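The block underneath contains the structure these notes are about, expressed in structure tokens.
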Amino acid sequence: MTKGRTGWLRVPVGRGSTGWATRGHCRKVLLIVHNVTSVTRLLDVLPLFRDDLRVQLLATCTGSSPFQSGVCELLTRVGVPVLPWDQALHTPVNLALAASFGGEIHDIQGDLVIISHGMGYNKRLRRPETGDRRPETGDRRPETGDR
């Protein structure tokens, strides 16, 4: 799978990686990142998987967002192996998590879950209430009331 593909990871998911793995039969969970905002949201759910030895966490960046500055640095600090996008598209995973709809995320080989990446992202806006603006609403005659 990785032959001739520059930049592809050989461990923990490349061809022949099982010989190098310290634990086998792990479920693969892929974090699909678009920008720093989506990374920070995915970091909120990371503790659900981080300490589970049955799960191999992976990350990838779609390259679809113009706001990618700082993404690589943040993922490196987290310590999750980062797959190039092309390799992620060719790597079967048990679950893929994204916090944005950008990129070719539906081409990922595995179940895909999209979570909101912030307040209002998936929120439906209410129609503003217009009130009653008919001229006869209320009583505006000068003789109304006690003056």
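Letters for chains follow the order of the structure tokens (A, B, ...), residue numbers begin at 1 for each chain, and ligand numbers begin at 1 in the order shown.
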**OP:** Extract the full set of strand (DSSP E or B) residues from range 53-124 of chain A according to DSSP on the backbone, and format it as a list of chain:residue names.
**Re:** A:Val55, A:Gln56, A:Leu57, A:Leu58, A:Ala59, A:Thr60, A:Cys61, A:Val82, A:Leu83, A:Leu95, A:Ala96, A:Leu97, A:Ala98, A:Asp111, A:Leu112, A:Val113, A:Ile114
File dump, residues just selected, all heavy atoms, as a short mmCIF file (atom, residue, chain, number, x, y, z; two decimals), in the first residue's frame:
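Saved result, out-v4.cif, follows:
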```
data_model
loop_
_atom_site.label_atom_id
_atom_site.label_comp_id
_atom_site.auth_asym_id
_atom_site.auth_seq_id
_atom_site.Cartn_x
_atom_site.Cartn_y
_atom_site.Cartn_z
N VAL A 55 -7.91 1.09 20.84
CA VAL A 55 -8.11 2.08 19.79
C VAL A 55 -6.77 2.65 19.34
O VAL A 55 -5.95 3.06 20.16
CB VAL A 55 -9.02 3.23 20.28
CG1 VAL A 55 -9.10 4.33 19.25
CG2 VAL A 55 -10.40 2.70 20.62
N GLN A 56 -6.57 2.67 18.02
CA GLN A 56 -5.41 3.35 17.44
C GLN A 56 -5.91 4.67 16.86
O GLN A 56 -6.68 4.67 15.90
CB GLN A 56 -4.78 2.51 16.33
CG GLN A 56 -3.69 3.23 15.55
CD GLN A 56 -2.50 3.61 16.40
OE1 GLN A 56 -1.84 2.73 16.95
NE2 GLN A 56 -2.23 4.89 16.54
N LEU A 57 -5.52 5.76 17.48
CA LEU A 57 -5.92 7.08 16.97
C LEU A 57 -5.00 7.49 15.83
O LEU A 57 -3.79 7.28 15.88
CB LEU A 57 -5.82 8.12 18.08
CG LEU A 57 -6.97 8.15 19.07
CD1 LEU A 57 -6.66 9.12 20.20
CD2 LEU A 57 -8.27 8.54 18.40
N LEU A 58 -5.61 8.10 14.83
CA LEU A 58 -4.89 8.64 13.69
C LEU A 58 -5.48 10.02 13.38
O LEU A 58 -6.60 10.31 13.80
CB LEU A 58 -5.07 7.73 12.46
CG LEU A 58 -4.68 6.28 12.62
CD1 LEU A 58 -5.25 5.45 11.48
CD2 LEU A 58 -3.17 6.15 12.67
N ALA A 59 -4.76 10.82 12.64
CA ALA A 59 -5.28 12.11 12.22
C ALA A 59 -4.87 12.35 10.77
O ALA A 59 -3.90 11.77 10.28
CB ALA A 59 -4.75 13.23 13.11
N THR A 60 -5.62 13.21 10.12
CA THR A 60 -5.29 13.63 8.76
C THR A 60 -5.85 15.03 8.54
O THR A 60 -6.74 15.46 9.27
CB THR A 60 -5.85 12.65 7.70
OG1 THR A 60 -5.30 12.98 6.42
CG2 THR A 60 -7.36 12.70 7.64
N CYS A 61 -5.32 15.72 7.57
CA CYS A 61 -5.79 17.05 7.22
C CYS A 61 -6.24 17.04 5.76
O CYS A 61 -5.48 16.62 4.89
CB CYS A 61 -4.69 18.08 7.44
SG CYS A 61 -5.24 19.77 7.20
N VAL A 82 -0.05 11.39 12.12
CA VAL A 82 -0.75 12.16 11.10
C VAL A 82 -0.50 11.55 9.73
O VAL A 82 0.63 11.47 9.27
CB VAL A 82 -0.31 13.64 11.10
CG1 VAL A 82 -1.07 14.43 10.04
CG2 VAL A 82 -0.52 14.25 12.48
N LEU A 83 -1.58 11.09 9.11
CA LEU A 83 -1.50 10.51 7.77
C LEU A 83 -1.66 11.60 6.73
O LEU A 83 -2.49 12.50 6.89
CB LEU A 83 -2.64 9.51 7.55
CG LEU A 83 -2.75 8.32 8.48
CD1 LEU A 83 -4.09 7.63 8.29
CD2 LEU A 83 -1.64 7.36 8.21
N LEU A 95 -13.85 4.21 12.44
CA LEU A 95 -14.61 5.42 12.68
C LEU A 95 -13.78 6.62 12.24
O LEU A 95 -12.59 6.69 12.53
CB LEU A 95 -14.95 5.56 14.17
CG LEU A 95 -15.71 6.80 14.60
CD1 LEU A 95 -17.10 6.82 13.96
CD2 LEU A 95 -15.82 6.86 16.12
N ALA A 96 -14.42 7.54 11.54
CA ALA A 96 -13.79 8.81 11.18
C ALA A 96 -14.60 9.93 11.80
O ALA A 96 -15.83 9.94 11.68
CB ALA A 96 -13.74 8.96 9.66
N LEU A 97 -13.93 10.83 12.49
CA LEU A 97 -14.58 11.97 13.14
C LEU A 97 -14.12 13.26 12.48
O LEU A 97 -12.92 13.47 12.31
CB LEU A 97 -14.20 12.04 14.62
CG LEU A 97 -14.77 10.98 15.54
CD1 LEU A 97 -14.12 11.07 16.90
CD2 LEU A 97 -16.26 11.16 15.66
N ALA A 98 -15.06 14.11 12.13
CA ALA A 98 -14.73 15.41 11.55
C ALA A 98 -15.58 16.47 12.23
O ALA A 98 -16.65 16.18 12.76
CB ALA A 98 -14.99 15.41 10.05
N ASP A 111 -16.98 4.39 8.78
CA ASP A 111 -18.12 5.16 9.26
C ASP A 111 -17.67 6.58 9.59
O ASP A 111 -16.63 6.78 10.21
CB ASP A 111 -18.74 4.51 10.50
CG ASP A 111 -19.41 3.18 10.17
OD1 ASP A 111 -19.90 3.03 9.03
OD2 ASP A 111 -19.44 2.30 11.05
N LEU A 112 -18.48 7.55 9.19
CA LEU A 112 -18.13 8.95 9.36
C LEU A 112 -19.13 9.64 10.28
O LEU A 112 -20.34 9.50 10.12
CB LEU A 112 -18.14 9.64 7.98
CG LEU A 112 -17.89 11.14 7.94
CD1 LEU A 112 -16.49 11.47 8.43
CD2 LEU A 112 -18.09 11.65 6.51
N VAL A 113 -18.60 10.39 11.26
CA VAL A 113 -19.42 11.18 12.17
C VAL A 113 -18.94 12.62 12.09
O VAL A 113 -17.75 12.89 12.21
CB VAL A 113 -19.31 10.66 13.63
CG1 VAL A 113 -20.04 11.59 14.58
CG2 VAL A 113 -19.83 9.25 13.74
N ILE A 114 -19.89 13.53 11.87
CA ILE A 114 -19.58 14.96 11.85
C ILE A 114 -20.10 15.57 13.14
O ILE A 114 -21.27 15.41 13.47
CB ILE A 114 -20.26 15.68 10.66
CG1 ILE A 114 -20.03 14.96 9.35
CG2 ILE A 114 -19.82 17.14 10.59
CD1 ILE A 114 -18.63 14.98 8.84
#
```
Please identify every residue of range 25-50 of chain A that has at least one atom no farther than 8 Å from an atom of range 62-80 of chain A, counting only C-alpha atoms, and for each give the shortest atom pair and the distance in Å to one decimal, arranged by chain then increasing number, as a tab-separated table.
```
residue	atom	partner	partner_atom	distance
A:Ile32	CA	A:Thr62	CA	7.0
A:Val33	CA	A:Thr62	CA	6.4
A:His34	CA	A:Ser65	CA	5.6
A:Asn35	CA	A:Gln68	CA	4.8
A:Val36	CA	A:Val71	CA	5.3
A:Val39	CA	A:Val71	CA	7.3
```
Subject >> CA of Lys28 in chain A to CA of Pro92 in chain A, straight-line distance in Å >> reply: 8.0 Å
**OP:** For Gln109 in chain A, list every protein, DNA or RNA residue within 8 Å, evaluated using only C-alpha atoms, and leave out those in the same chain fewer than 5 positions away; present the list as a PyMOL selection string.
**Re:** chain A and resi 89-93
How about saving the chosen residues, N, CA and C atoms kept, as a PDB file, in the first residue's frame?
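The resulting out.pdb:
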```pdb
ATOM      1  N   LEU A  89      -7.296   8.408   2.649  1.00  0.00           N
ATOM      2  CA  LEU A  89      -8.343   7.953   1.737  1.00  0.00           C
ATOM      3  C   LEU A  89      -8.208   6.473   1.392  1.00  0.00           C
ATOM      4  N   HIS A  90      -6.992   5.929   1.502  1.00  0.00           N
ATOM      5  CA  HIS A  90      -6.736   4.531   1.169  1.00  0.00           C
ATOM      6  C   HIS A  90      -6.643   3.628   2.395  1.00  0.00           C
ATOM      7  N   THR A  91      -6.831   4.181   3.580  1.00  0.00           N
ATOM      8  CA  THR A  91      -6.692   3.409   4.815  1.00  0.00           C
ATOM      9  C   THR A  91      -8.072   3.148   5.417  1.00  0.00           C
ATOM     10  N   PRO A  92      -8.491   1.886   5.472  1.00  0.00           N
ATOM     11  CA  PRO A  92      -9.782   1.585   6.110  1.00  0.00           C
ATOM     12  C   PRO A  92      -9.722   1.899   7.609  1.00  0.00           C
ATOM     13  N   VAL A  93     -10.758   2.571   8.116  1.00  0.00           N
ATOM     14  CA  VAL A  93     -10.850   2.886   9.541  1.00  0.00           C
ATOM     15  C   VAL A  93     -12.215   2.441  10.053  1.00  0.00           C
TER      16      VAL A  93
END
```
Subject >> Sel. of helix (DSSP H, G or I) residues, range 67-112 of chain A, as a count of residues only >> reply: 17
